[in-house]
file data.tsv (TSV, C-alpha atoms)
chain	number	residue	atom	x	y	z
A	141	MET	CA	13.52	-4.67	-11.97
A	142	SER	CA	15.77	-5.87	-9.18
A	143	LEU	CA	18.55	-5.03	-6.75
A	144	GLU	CA	21.59	-7.30	-6.91
A	145	ILE	CA	23.61	-7.92	-3.75
A	146	LEU	CA	27.28	-8.06	-4.80
A	147	THR	CA	28.65	-8.29	-1.26
A	148	ALA	CA	26.79	-8.29	2.06
A	149	GLY	CA	27.67	-7.47	5.64
A	150	PRO	CA	26.80	-9.96	8.39
A	151	MET	CA	23.61	-8.20	9.56
A	152	LEU	CA	22.06	-7.03	6.29
A	153	THR	CA	18.33	-7.81	6.32
A	154	VAL	CA	15.09	-6.75	4.67
A	155	GLN	CA	12.82	-4.88	7.11
A	156	ASP	CA	9.53	-3.08	6.82
A	157	ALA	CA	7.26	-1.70	9.56
A	158	GLY	CA	6.79	-5.23	10.93
A	159	ARG	CA	4.01	-7.80	11.34
A	160	PHE	CA	1.48	-6.89	13.97
A	161	GLY	CA	-1.53	-8.54	15.59
A	162	LEU	CA	0.11	-11.94	15.97
A	163	ARG	CA	1.76	-11.77	19.40
A	164	HIS	CA	-0.98	-13.99	20.84
A	165	MET	CA	0.27	-16.66	18.43
A	166	GLY	CA	3.90	-16.22	19.49
A	167	VAL	CA	4.93	-14.11	16.49
A	168	SER	CA	6.80	-10.93	17.38
A	169	PRO	CA	6.68	-8.00	14.95
A	170	ALA	CA	10.36	-7.83	13.87
A	171	GLY	CA	10.76	-4.64	11.79
A	172	PRO	CA	13.47	-2.01	12.23
A	173	ILE	CA	15.48	-1.44	15.39
A	174	ASP	CA	15.32	2.32	14.72
A	175	ARG	CA	11.92	3.11	13.17
A	176	ALA	CA	12.52	6.82	12.77
A	177	ALA	CA	15.78	6.26	10.88
A	178	MET	CA	14.14	3.81	8.48
A	179	ALA	CA	11.23	6.20	7.97
A	180	LEU	CA	13.69	8.96	7.04
A	181	ALA	CA	15.56	6.76	4.56
A	182	ASN	CA	12.28	5.78	2.92
A	183	ALA	CA	10.94	9.33	2.78
A	184	LEU	CA	14.13	10.58	1.12
A	185	VAL	CA	13.44	8.30	-1.87
A	186	GLY	CA	9.68	8.91	-1.98
A	187	ASN	CA	8.57	5.69	-0.26
A	188	ALA	CA	6.03	5.34	2.54
A	189	PRO	CA	7.75	5.41	5.97
A	190	GLY	CA	7.10	1.72	6.63
A	191	ALA	CA	8.09	0.43	3.18
A	192	ALA	CA	10.62	-2.38	2.98
A	193	ALA	CA	14.25	-1.26	3.08
A	194	LEU	CA	17.59	-2.73	4.13
A	195	GLU	CA	18.80	-2.61	7.73
A	196	PHE	CA	22.47	-3.17	8.49
A	197	ALA	CA	24.95	-3.25	11.36
A	198	GLY	CA	28.58	-3.28	10.32
A	199	PRO	CA	29.19	-2.77	6.61
A	200	ALA	CA	26.09	-2.95	4.41
A	201	GLY	CA	27.91	-4.21	1.32
A	202	SER	CA	27.84	-3.41	-2.37
A	203	PHE	CA	24.87	-3.28	-4.72
A	204	ARG	CA	23.84	-2.87	-8.33
A	205	CYS	CA	20.45	-2.19	-9.92
A	206	ASP	CA	19.12	-3.02	-13.39
A	207	ARG	CA	17.14	0.24	-13.64
A	208	PRO	CA	17.79	3.83	-12.55
A	209	VAL	CA	16.83	4.28	-8.88
A	210	ARG	CA	17.19	6.76	-6.08
A	211	PHE	CA	18.68	5.58	-2.79
A	212	ALA	CA	19.33	7.03	0.66
A	213	VAL	CA	21.15	5.98	3.80
A	214	ALA	CA	19.88	7.20	7.18
A	215	GLY	CA	20.52	6.50	10.85
A	216	ALA	CA	24.24	7.22	10.76
A	217	ASP	CA	26.95	8.77	8.65
A	218	CYS	CA	28.62	6.02	6.61
A	219	PRO	CA	31.27	5.80	3.91
A	220	ILE	CA	29.17	5.70	0.70
A	221	ARG	CA	30.49	5.50	-2.86
A	222	ILE	CA	28.93	5.25	-6.29
A	223	ASP	CA	31.82	3.60	-8.11
A	224	LYS	CA	34.64	5.93	-6.94
A	225	ARG	CA	32.46	8.97	-6.24
A	226	VAL	CA	31.82	9.71	-2.55
A	227	VAL	CA	28.29	10.78	-1.58
A	228	LEU	CA	26.63	11.72	1.71
A	229	ALA	CA	24.23	9.91	4.02
A	230	GLY	CA	21.05	11.71	5.02
A	231	GLU	CA	19.99	12.64	1.47
A	232	SER	CA	19.04	10.74	-1.66
A	233	HIS	CA	21.16	10.09	-4.76
A	234	ARG	CA	20.74	8.47	-8.16
A	235	LEU	CA	22.16	5.05	-8.99
A	236	ASN	CA	22.20	4.04	-12.65
A	237	PRO	CA	22.52	0.58	-14.21
A	238	GLY	CA	26.16	-0.47	-14.38
A	239	GLU	CA	27.16	1.63	-11.36
A	240	THR	CA	28.17	-0.03	-8.09
A	241	LEU	CA	26.96	1.34	-4.77
A	242	THR	CA	29.13	0.56	-1.75
A	243	VAL	CA	28.02	1.37	1.81
A	244	GLY	CA	30.37	0.96	4.77
A	245	VAL	CA	30.12	0.82	8.55
A	246	PRO	CA	27.83	3.24	10.45
A	247	GLU	CA	29.86	5.81	12.34
A	248	GLY	CA	29.20	6.26	16.06
A	249	THR	CA	26.05	4.12	16.09
A	250	VAL	CA	25.12	0.50	15.38
A	251	TRP	CA	22.14	0.32	13.01
A	252	ALA	CA	21.51	2.17	9.75
A	253	TYR	CA	19.11	1.91	6.82
A	254	LEU	CA	19.43	1.82	3.04
A	255	ALA	CA	16.25	2.53	1.08
A	256	PHE	CA	15.65	2.36	-2.67
A	257	SER	CA	12.91	4.13	-4.61
A	258	GLY	CA	10.03	1.76	-5.25
A	259	ALA	CA	11.00	-0.18	-2.09
A	260	ILE	CA	12.03	-3.81	-1.71
A	261	ALA	CA	9.20	-6.00	-3.01
A	262	THR	CA	9.97	-9.47	-1.65
A	263	PRO	CA	6.90	-11.66	-0.96
A	264	GLU	CA	5.01	-10.91	2.24
A	265	VAL	CA	4.94	-13.52	5.01
A	266	LEU	CA	2.07	-13.14	7.48
A	267	GLY	CA	1.39	-9.67	6.11
A	268	SER	CA	4.94	-8.32	6.26
A	269	ARG	CA	8.28	-8.42	4.42
A	270	ALA	CA	10.25	-7.94	7.67
A	271	THR	CA	12.93	-10.54	8.33
A	272	HIS	CA	12.71	-12.33	11.70
A	273	LEU	CA	16.02	-14.16	11.85
A	274	ARG	CA	15.22	-16.28	14.91
A	275	SER	CA	12.10	-17.82	13.38
A	276	GLY	CA	13.09	-17.63	9.72
A	277	LEU	CA	10.23	-15.40	8.58
A	278	GLY	CA	10.34	-12.80	5.81
A	279	GLY	CA	13.15	-11.73	3.54
A	280	PRO	CA	14.77	-14.34	1.29
A	281	GLU	CA	14.19	-17.66	3.04
A	282	GLY	CA	13.98	-15.92	6.42
A	283	ARG	CA	17.72	-15.19	6.55
A	284	ALA	CA	20.17	-12.33	6.31
A	285	LEU	CA	21.12	-11.28	2.80
A	286	ALA	CA	24.11	-12.77	1.03
A	287	ALA	CA	26.16	-12.10	-2.09
A	288	GLY	CA	24.26	-13.23	-5.16
A	289	ASP	CA	20.78	-12.43	-3.83
A	290	ARG	CA	18.45	-10.49	-6.11
A	291	LEU	CA	15.63	-8.50	-4.55
A	292	PRO	CA	12.66	-7.30	-6.59
A	293	LEU	CA	11.88	-3.59	-6.51
A	294	GLY	CA	8.45	-1.98	-6.64
A	295	PRO	CA	7.34	0.58	-9.24
A	296	ASP	CA	9.08	3.94	-9.20
A	297	GLU	CA	8.59	7.45	-10.57
A	298	ALA	CA	11.69	7.84	-12.69
A	299	ASP	CA	11.49	11.64	-12.89
A	300	ALA	CA	10.94	12.22	-9.16
A	301	PRO	CA	13.59	14.47	-7.55
A	302	CYS	CA	16.24	13.49	-5.07
A	303	LEU	CA	15.46	14.87	-1.62
A	304	ARG	CA	17.25	16.17	1.45
A	305	PRO	CA	16.16	17.69	4.78
A	306	ASP	CA	15.73	21.46	4.76
A	307	SER	CA	18.70	21.66	7.14
A	308	ARG	CA	21.65	19.30	7.61
A	309	LEU	CA	21.01	16.52	10.16
A	310	ASP	CA	23.54	15.54	12.79
A	311	GLY	CA	24.90	12.16	11.80
A	312	ALA	CA	22.19	11.55	9.16
A	313	ALA	CA	19.83	10.65	12.01
A	314	PRO	CA	16.36	12.12	12.53
A	315	PHE	CA	17.06	12.72	16.22
A	316	ARG	CA	20.21	13.16	18.29
A	317	GLU	CA	19.53	13.30	22.02
A	318	THR	CA	21.54	12.84	25.19
A	319	GLY	CA	20.73	12.25	28.83
A	320	PRO	CA	19.47	9.24	30.76
A	321	ILE	CA	17.38	6.53	29.11
A	322	ARG	CA	13.84	6.91	30.42
A	323	LEU	CA	12.31	3.84	32.04
A	324	ILE	CA	8.90	2.88	33.42
A	325	LEU	CA	9.13	0.59	36.46
A	326	GLY	CA	7.51	-2.83	36.47
A	327	PRO	CA	5.67	-5.01	36.16
A	328	GLN	CA	7.87	-7.18	38.41
A	329	ASP	CA	9.91	-4.49	40.16
A	330	GLY	CA	8.57	-5.96	43.45
A	331	HIS	CA	10.95	-8.89	42.96
A	332	PHE	CA	13.83	-6.52	43.71
A	333	ALA	CA	14.75	-4.88	47.02
A	334	PRO	CA	14.42	-1.06	47.11
A	335	GLU	CA	18.18	-0.58	47.19
A	336	ILE	CA	18.51	-2.71	44.05
A	337	VAL	CA	15.81	-0.71	42.25
A	338	ALA	CA	17.73	2.41	43.24
A	339	ARG	CA	20.72	1.13	41.27
A	340	LEU	CA	18.78	1.79	38.07
A	341	THR	CA	19.13	5.53	38.53
A	342	GLY	CA	22.16	5.65	40.80
A	343	CYS	CA	24.62	3.48	38.89
A	344	ASP	CA	26.01	3.31	35.38
A	345	PHE	CA	25.47	0.33	33.09
A	346	THR	CA	27.71	-0.63	30.16
A	347	VAL	CA	26.62	-1.86	26.74
A	348	THR	CA	28.16	-5.31	26.25
A	349	PRO	CA	28.99	-7.17	23.01
A	350	GLN	CA	26.11	-9.56	23.77
A	351	ARG	CA	23.57	-8.07	21.42
A	352	ASP	CA	21.59	-8.76	18.28
A	353	ARG	CA	18.17	-7.92	16.87
A	354	MET	CA	16.50	-9.82	19.72
A	355	ALA	CA	18.06	-8.13	22.74
A	356	MET	CA	21.06	-6.37	24.23
A	357	VAL	CA	22.74	-7.17	27.55
A	358	LEU	CA	23.91	-4.45	29.91
A	359	GLY	CA	26.81	-5.01	32.29
A	360	GLY	CA	28.64	-3.04	34.95
A	361	THR	CA	25.87	-3.14	37.57
A	362	ASP	CA	24.14	-6.26	38.85
A	363	LEU	CA	20.45	-6.41	39.76
A	364	PRO	CA	19.94	-9.46	42.00
A	365	ALA	CA	16.29	-10.33	42.63
A	366	ALA	CA	15.40	-10.98	46.28
A	367	ARG	CA	12.40	-13.06	45.20
A	368	GLY	CA	14.35	-15.03	42.60
A	369	HIS	CA	14.84	-14.75	38.88
A	370	ASP	CA	12.07	-17.08	37.75
A	371	ILE	CA	8.42	-16.16	37.25
A	372	VAL	CA	5.48	-17.77	35.54
A	373	SER	CA	6.02	-16.77	31.91
A	374	ASP	CA	4.02	-13.74	30.87
A	375	GLY	CA	4.00	-11.23	28.04
A	376	THR	CA	6.99	-9.19	26.89
A	377	VAL	CA	7.35	-6.27	24.51
A	378	PRO	CA	10.29	-4.49	22.86
A	379	GLY	CA	11.79	-2.42	25.66
A	380	SER	CA	11.10	-4.93	28.43
A	381	VAL	CA	14.07	-5.12	30.80
A	382	GLN	CA	14.38	-8.74	31.94
A	383	VAL	CA	16.81	-9.73	34.67
A	384	PRO	CA	18.01	-13.36	34.46
A	385	GLY	CA	20.01	-15.20	37.12
A	386	SER	CA	23.23	-13.45	36.09
A	387	GLY	CA	21.77	-10.18	37.41
A	388	MET	CA	22.71	-8.50	34.11
A	389	PRO	CA	19.68	-6.72	32.64
A	390	LEU	CA	18.59	-7.79	29.19
A	391	VAL	CA	16.72	-5.21	27.09
A	392	LEU	CA	14.42	-6.74	24.49
A	393	LEU	CA	14.42	-5.34	20.94
A	394	ALA	CA	12.53	-5.83	17.68
A	395	GLU	CA	12.89	-9.62	17.47
A	396	SER	CA	12.11	-10.23	21.13
A	397	GLN	CA	10.16	-13.30	22.18
A	398	THR	CA	6.49	-12.72	23.02
A	399	THR	CA	6.64	-14.25	26.53
A	400	GLY	CA	9.39	-14.70	29.08
A	401	GLY	CA	10.06	-16.25	32.49
A	402	TYR	CA	12.47	-13.68	33.95
A	403	PRO	CA	11.24	-10.83	36.14
A	404	LYS	CA	10.95	-7.51	34.31
A	405	ILE	CA	12.22	-4.69	36.47
A	406	GLY	CA	11.07	-2.07	33.98
A	407	THR	CA	10.31	-1.14	30.39
A	408	VAL	CA	12.36	1.34	28.37
A	409	ALA	CA	10.12	4.18	27.15
A	410	SER	CA	9.45	3.80	23.42
A	411	VAL	CA	10.83	7.30	22.84
A	412	ASP	CA	14.30	6.15	24.03
A	413	LEU	CA	14.47	2.49	22.93
A	414	ALA	CA	16.13	3.17	19.57
A	415	ARG	CA	18.60	5.57	21.22
A	416	LEU	CA	19.63	2.82	23.62
A	417	ALA	CA	19.87	0.23	20.85
A	418	GLN	CA	22.08	2.58	18.82
A	419	MET	CA	24.68	2.94	21.60
A	420	PRO	CA	27.95	1.21	20.67
A	421	VAL	CA	29.61	-1.47	22.75
A	422	GLY	CA	31.28	0.08	25.80
A	423	ALA	CA	28.92	3.06	26.04
A	424	GLN	CA	27.76	4.06	29.52
A	425	VAL	CA	24.03	4.04	30.24
A	426	ARG	CA	22.12	5.70	33.08
A	427	PHE	CA	18.35	5.34	33.55
A	428	ALA	CA	15.75	7.85	34.73
A	429	LEU	CA	12.35	6.74	36.00
A	430	ILE	CA	9.18	8.26	34.55
A	431	PRO	CA	5.48	7.38	34.84
A	432	ALA	CA	3.80	5.55	31.96
A	433	GLU	CA	1.66	8.58	31.14
A	434	GLU	CA	4.75	10.71	30.58
A	435	GLY	CA	6.20	8.03	28.34
A	436	GLU	CA	3.07	8.12	26.20
A	437	ASP	CA	3.18	11.91	25.94
A	438	LEU	CA	6.86	11.82	24.94
A	439	TRP	CA	6.14	9.24	22.23
A	440	ILE	CA	3.27	11.26	20.78
A	441	ALA	CA	5.45	14.38	20.70
A	442	ARG	CA	8.31	12.45	19.04
A	443	GLN	CA	6.02	11.13	16.33
A	444	ALA	CA	4.80	14.67	15.65
A	445	ARG	CA	8.43	15.85	15.31
A	446	LEU	CA	9.14	13.03	12.89
A	447	ARG	CA	6.14	13.91	10.73
A	448	ARG	CA	7.27	17.54	10.57
A	449	LEU	CA	10.78	16.46	9.57
A	450	LEU	CA	9.54	14.20	6.78
A	451	GLU	CA	7.08	16.81	5.51
A	452	ALA	CA	9.87	19.40	5.29
A	453	LEU	CA	12.09	17.45	2.87
A	454	VAL	CA	13.12	19.51	-0.14
A	455	ALA	CA	14.35	18.71	-3.65
A	456	LYS	CA	18.12	18.73	-4.13
A	457	PRO	CA	19.81	20.70	-6.89
A	458	GLU	CA	21.10	18.08	-9.31
A	459	GLY	CA	23.81	18.03	-11.93
A	460	VAL	CA	27.59	18.20	-11.74
A	461	LEU	CA	29.26	21.62	-12.01
A	462	ARG	CA	32.46	21.17	-14.04
A	463	SER	CA	35.57	23.29	-13.44
A	464	ASP	CA	35.50	24.78	-16.97
A	465	TYR	CA	31.92	25.93	-16.38
A	466	LEU	CA	32.77	27.45	-13.00
A	467	LEU	CA	35.73	29.29	-14.55
A	468	SER	CA	33.34	30.84	-17.06
A	469	CYS	CA	31.10	32.24	-14.32
A	470	ASP	CA	31.34	35.64	-12.68
A	471	LEU	CA	32.50	34.68	-9.18
A	472	VAL	CA	34.51	37.84	-8.54
A	473	GLY	CA	31.63	39.75	-6.99
A	474	GLY	CA	31.29	37.39	-4.04
A	475	PHE	CA	30.51	33.84	-2.98
A	476	TYR	CA	27.51	32.06	-4.46
A	477	GLU	CA	25.62	28.85	-3.82
A	478	PRO	CA	25.87	26.47	-6.82
A	479	GLY	CA	22.13	26.81	-7.43
A	480	GLU	CA	22.49	30.59	-7.76
A	481	ILE	CA	24.94	30.35	-10.68
A	482	VAL	CA	22.59	30.69	-13.62
A	483	ARG	CA	24.58	31.83	-16.64
A	484	PRO	CA	28.08	31.66	-18.07
A	485	VAL	CA	29.88	34.95	-18.54
A	486	THR	CA	31.76	35.68	-21.76
A	487	ILE	CA	35.24	37.00	-21.04
A	488	ARG	CA	36.13	39.84	-23.40
A	489	GLY	CA	39.56	40.04	-24.92
A	490	PRO	CA	41.82	43.11	-24.41
A	491	GLU	CA	40.89	44.56	-27.79
A	492	GLU	CA	37.23	44.69	-26.72
A	493	CYS	CA	37.97	46.75	-23.62
A	494	SER	CA	39.30	49.86	-25.33
call {"tool": "encode", "arguments": {"input": "data.tsv", "output": "structure tokens"}}
result
Amino acid sequence: MSLEILTAGPMLTVQDAGRFGLRHMGVSPAGPIDRAAMALANALVGNAPGAAALEFAGPAGSFRCDRPVRFAVAGADCPIRIDKRVVLAGESHRLNPGETLTVGVPEGTVWAYLAFSGAIATPEVLGSRATHLRSGLGGPEGRALAAGDRLPLGPDEADAPCLRPDSRLDGAAPFRETGPIRLILGPQDGHFAPEIVARLTGCDFTVTPQRDRMAMVLGGTDLPAARGHDIVSDGTVPGSVQVPGSGMPLVLLAESQTTGGYPKIGTVASVDLARLAQMPVGAQVRFALIPAEEGEDLWIARQARLRRLLEALVAKPEGVLRSDYLLSCDLVGGFYEPGEIVRPVTIRGPEECS
């Protein structure tokens, strides 16, 4: 029972929730850039939120399975086809042996997720299947996926329904928010003069092409450090905003290093880190400062919203309504949802009407 990669985009990797508890040994968690989006993709096919799925930036590629599976794409609307049939992101669909699934480029965002029922079942490395490209951990040989790879799939409930949210999501993403990216100052904000710190909230930054799963660089506004751009290396986390000698802030992401020697002017609140990482190149970014306690409260509330969303998934009506069947149905009396059409209507000939 496996998933065959027919073609693969340049950033197609296996990710699960990540490997935790090893930062003191220099191992960062990896895992998804957008955890909520991966959780949604998994839930739509009946997997646990942190089960292993495929993350992609740019086109995902094309795939084939040797058993019937359900799949879902979440995080962004994408062009998706089963052979020549177009299907939607943000809900699950069935893929049968012999059919080819093709998933294109995420629209309006950067990262999206493709989950299969049963989940990807590659061997665990240090307790996780997540691929860490920089250190070569997880996935097949610690690398991005390539054409010809075969990934094992876990057990699946063949008769389980396809699912969708109870209401249509904007852009197949669990959350769509606007406004400034919220930031907690420190721990080395004292390396910067007050007028430089004020640039965080008073100036716009621009997302540059310098980005990957480790970090993203922001341009447009420099942040020179009065006390220099070197510190004794200390701990970093995803969301840390380091400022190297260029003055261009560098926001750490899922594959960030565990320590660093650049001053950290702030840390992006966890509730907004994925939103920042999903902004396309050229997007304008403005920060807003909040206390750490508010950041924690926002994260707790976001997780509660995500749980409610996943718990409210509903079964999709399945089956294809053919034109000859629709023509046999009584549609004259008004407009009906497909699921409300329950019986064909026999059309009487003229001789039966007298």
call {"tool": "residues_around", "arguments": {"input": "data.tsv", "residues": "Glu297 of chain A", "least_positions_apart": "4", "cutoff": "12 Å", "atoms": "all atoms listed in the file", "output": "NGL selection string"}}
result
:A and (185-187 or 207-210 or 256-259 or 301-302)
call {"tool": "residues_around", "arguments": {"input": "data.tsv", "residues": "Ala366 of chain A", "least_positions_apart": "5", "cutoff": "7 Å", "atoms": "all atoms listed in the file", "output": "list in words"}}
result
His331, Phe332 and Ala333 of chain A
call {"tool": "atom_distance", "arguments": {"input": "data.tsv", "atom1": "atom CA of Gly230 of chain A", "atom2": "atom CA of Ser307 of chain A"}}
result
10.4 Å
call {"tool": "residues_around", "arguments": {"input": "data.tsv", "residues": "Arg442 of chain A", "least_positions_apart": "4", "cutoff": "8 Å", "atoms": "all atoms listed in the file", "output": "list of chain:residue names"}}
result
A:Val411, A:Leu438, A:Leu446
call {"tool": "write_last_selection", "arguments": {"input": "data.tsv", "atoms": "C-alpha atoms", "output": "short mmCIF file (atom, residue, chain, number, x, y, z; two decimals), keeping the file's coordinate frame"}}
result
data_model
loop_
_atom_site.label_atom_id
_atom_site.label_comp_id
_atom_site.auth_asym_id
_atom_site.auth_seq_id
_atom_site.Cartn_x
_atom_site.Cartn_y
_atom_site.Cartn_z
CA VAL A 411 10.83 7.30 22.84
CA LEU A 438 6.86 11.82 24.94
CA LEU A 446 9.14 13.03 12.89
#
call {"tool": "residues_around", "arguments": {"input": "data.tsv", "residues": "Arg351 of chain A", "least_positions_apart": "2", "cutoff": "10 Å", "atoms": "all atoms listed in the file", "output": "ChimeraX atom specification"}}
result
/A:347-349,353-358,390-393,417,421
call {"tool": "atom_distance", "arguments": {"input": "data.tsv", "atom1": "atom CA of Thr242 of chain A", "atom2": "atom CA of Gly215 of chain A"}}
result
16.4 Å
call {"tool": "atom_distance", "arguments": {"input": "data.tsv", "atom1": "atom CA of Gly149 of chain A", "atom2": "atom CA of Ala200 of chain A"}}
result
4.9 Å
call {"tool": "build_atoms", "arguments": {"input": "data.tsv", "residues": "segment 196-207 of chain A", "atoms": "N, CA, C and O atoms", "output": "PDB file, in the frame of the given file"}}
result
ATOM      1  N   PHE A 196      21.150  -2.565   8.357  1.00  0.00           N
ATOM      2  CA  PHE A 196      22.470  -3.170   8.490  1.00  0.00           C
ATOM      3  C   PHE A 196      23.176  -2.681   9.744  1.00  0.00           C
ATOM      4  O   PHE A 196      22.945  -1.578  10.224  1.00  0.00           O
ATOM      5  N   ALA A 197      24.013  -3.564  10.282  1.00  0.00           N
ATOM      6  CA  ALA A 197      24.950  -3.250  11.360  1.00  0.00           C
ATOM      7  C   ALA A 197      26.302  -3.764  10.898  1.00  0.00           C
ATOM      8  O   ALA A 197      26.394  -4.894  10.414  1.00  0.00           O
ATOM      9  N   GLY A 198      27.355  -2.966  11.033  1.00  0.00           N
ATOM     10  CA  GLY A 198      28.580  -3.280  10.320  1.00  0.00           C
ATOM     11  C   GLY A 198      28.425  -2.815   8.885  1.00  0.00           C
ATOM     12  O   GLY A 198      27.496  -2.081   8.554  1.00  0.00           O
ATOM     13  N   PRO A 199      29.306  -3.230   7.993  1.00  0.00           N
ATOM     14  CA  PRO A 199      29.190  -2.770   6.610  1.00  0.00           C
ATOM     15  C   PRO A 199      27.917  -3.305   5.960  1.00  0.00           C
ATOM     16  O   PRO A 199      27.518  -4.449   6.199  1.00  0.00           O
ATOM     17  N   ALA A 200      27.275  -2.475   5.133  1.00  0.00           N
ATOM     18  CA  ALA A 200      26.090  -2.950   4.410  1.00  0.00           C
ATOM     19  C   ALA A 200      26.503  -3.858   3.275  1.00  0.00           C
ATOM     20  O   ALA A 200      25.964  -4.959   3.110  1.00  0.00           O
ATOM     21  N   GLY A 201      27.452  -3.412   2.445  1.00  0.00           N
ATOM     22  CA  GLY A 201      27.910  -4.210   1.320  1.00  0.00           C
ATOM     23  C   GLY A 201      27.937  -3.391   0.055  1.00  0.00           C
ATOM     24  O   GLY A 201      28.012  -2.163   0.075  1.00  0.00           O
ATOM     25  N   SER A 202      27.836  -4.086  -1.071  1.00  0.00           N
ATOM     26  CA  SER A 202      27.840  -3.410  -2.370  1.00  0.00           C
ATOM     27  C   SER A 202      26.673  -3.927  -3.200  1.00  0.00           C
ATOM     28  O   SER A 202      26.271  -5.088  -3.094  1.00  0.00           O
ATOM     29  N   PHE A 203      26.146  -3.034  -4.059  1.00  0.00           N
ATOM     30  CA  PHE A 203      24.870  -3.280  -4.720  1.00  0.00           C
ATOM     31  C   PHE A 203      24.887  -2.750  -6.136  1.00  0.00           C
ATOM     32  O   PHE A 203      25.616  -1.818  -6.461  1.00  0.00           O
ATOM     33  N   ARG A 204      24.012  -3.347  -6.977  1.00  0.00           N
ATOM     34  CA  ARG A 204      23.840  -2.870  -8.330  1.00  0.00           C
ATOM     35  C   ARG A 204      22.379  -3.057  -8.722  1.00  0.00           C
ATOM     36  O   ARG A 204      21.750  -4.038  -8.307  1.00  0.00           O
ATOM     37  N   CYS A 205      21.842  -2.121  -9.483  1.00  0.00           N
ATOM     38  CA  CYS A 205      20.450  -2.190  -9.920  1.00  0.00           C
ATOM     39  C   CYS A 205      20.392  -2.308 -11.444  1.00  0.00           C
ATOM     40  O   CYS A 205      21.303  -1.866 -12.146  1.00  0.00           O
ATOM     41  N   ASP A 206      19.286  -2.900 -11.941  1.00  0.00           N
ATOM     42  CA  ASP A 206      19.120  -3.020 -13.390  1.00  0.00           C
ATOM     43  C   ASP A 206      18.197  -1.947 -13.959  1.00  0.00           C
ATOM     44  O   ASP A 206      17.766  -2.034 -15.107  1.00  0.00           O
ATOM     45  N   ARG A 207      17.881  -0.918 -13.166  1.00  0.00           N
ATOM     46  CA  ARG A 207      17.140   0.240 -13.640  1.00  0.00           C
ATOM     47  C   ARG A 207      17.615   1.452 -12.845  1.00  0.00           C
ATOM     48  O   ARG A 207      18.172   1.298 -11.746  1.00  0.00           O
TER      49      ARG A 207
END
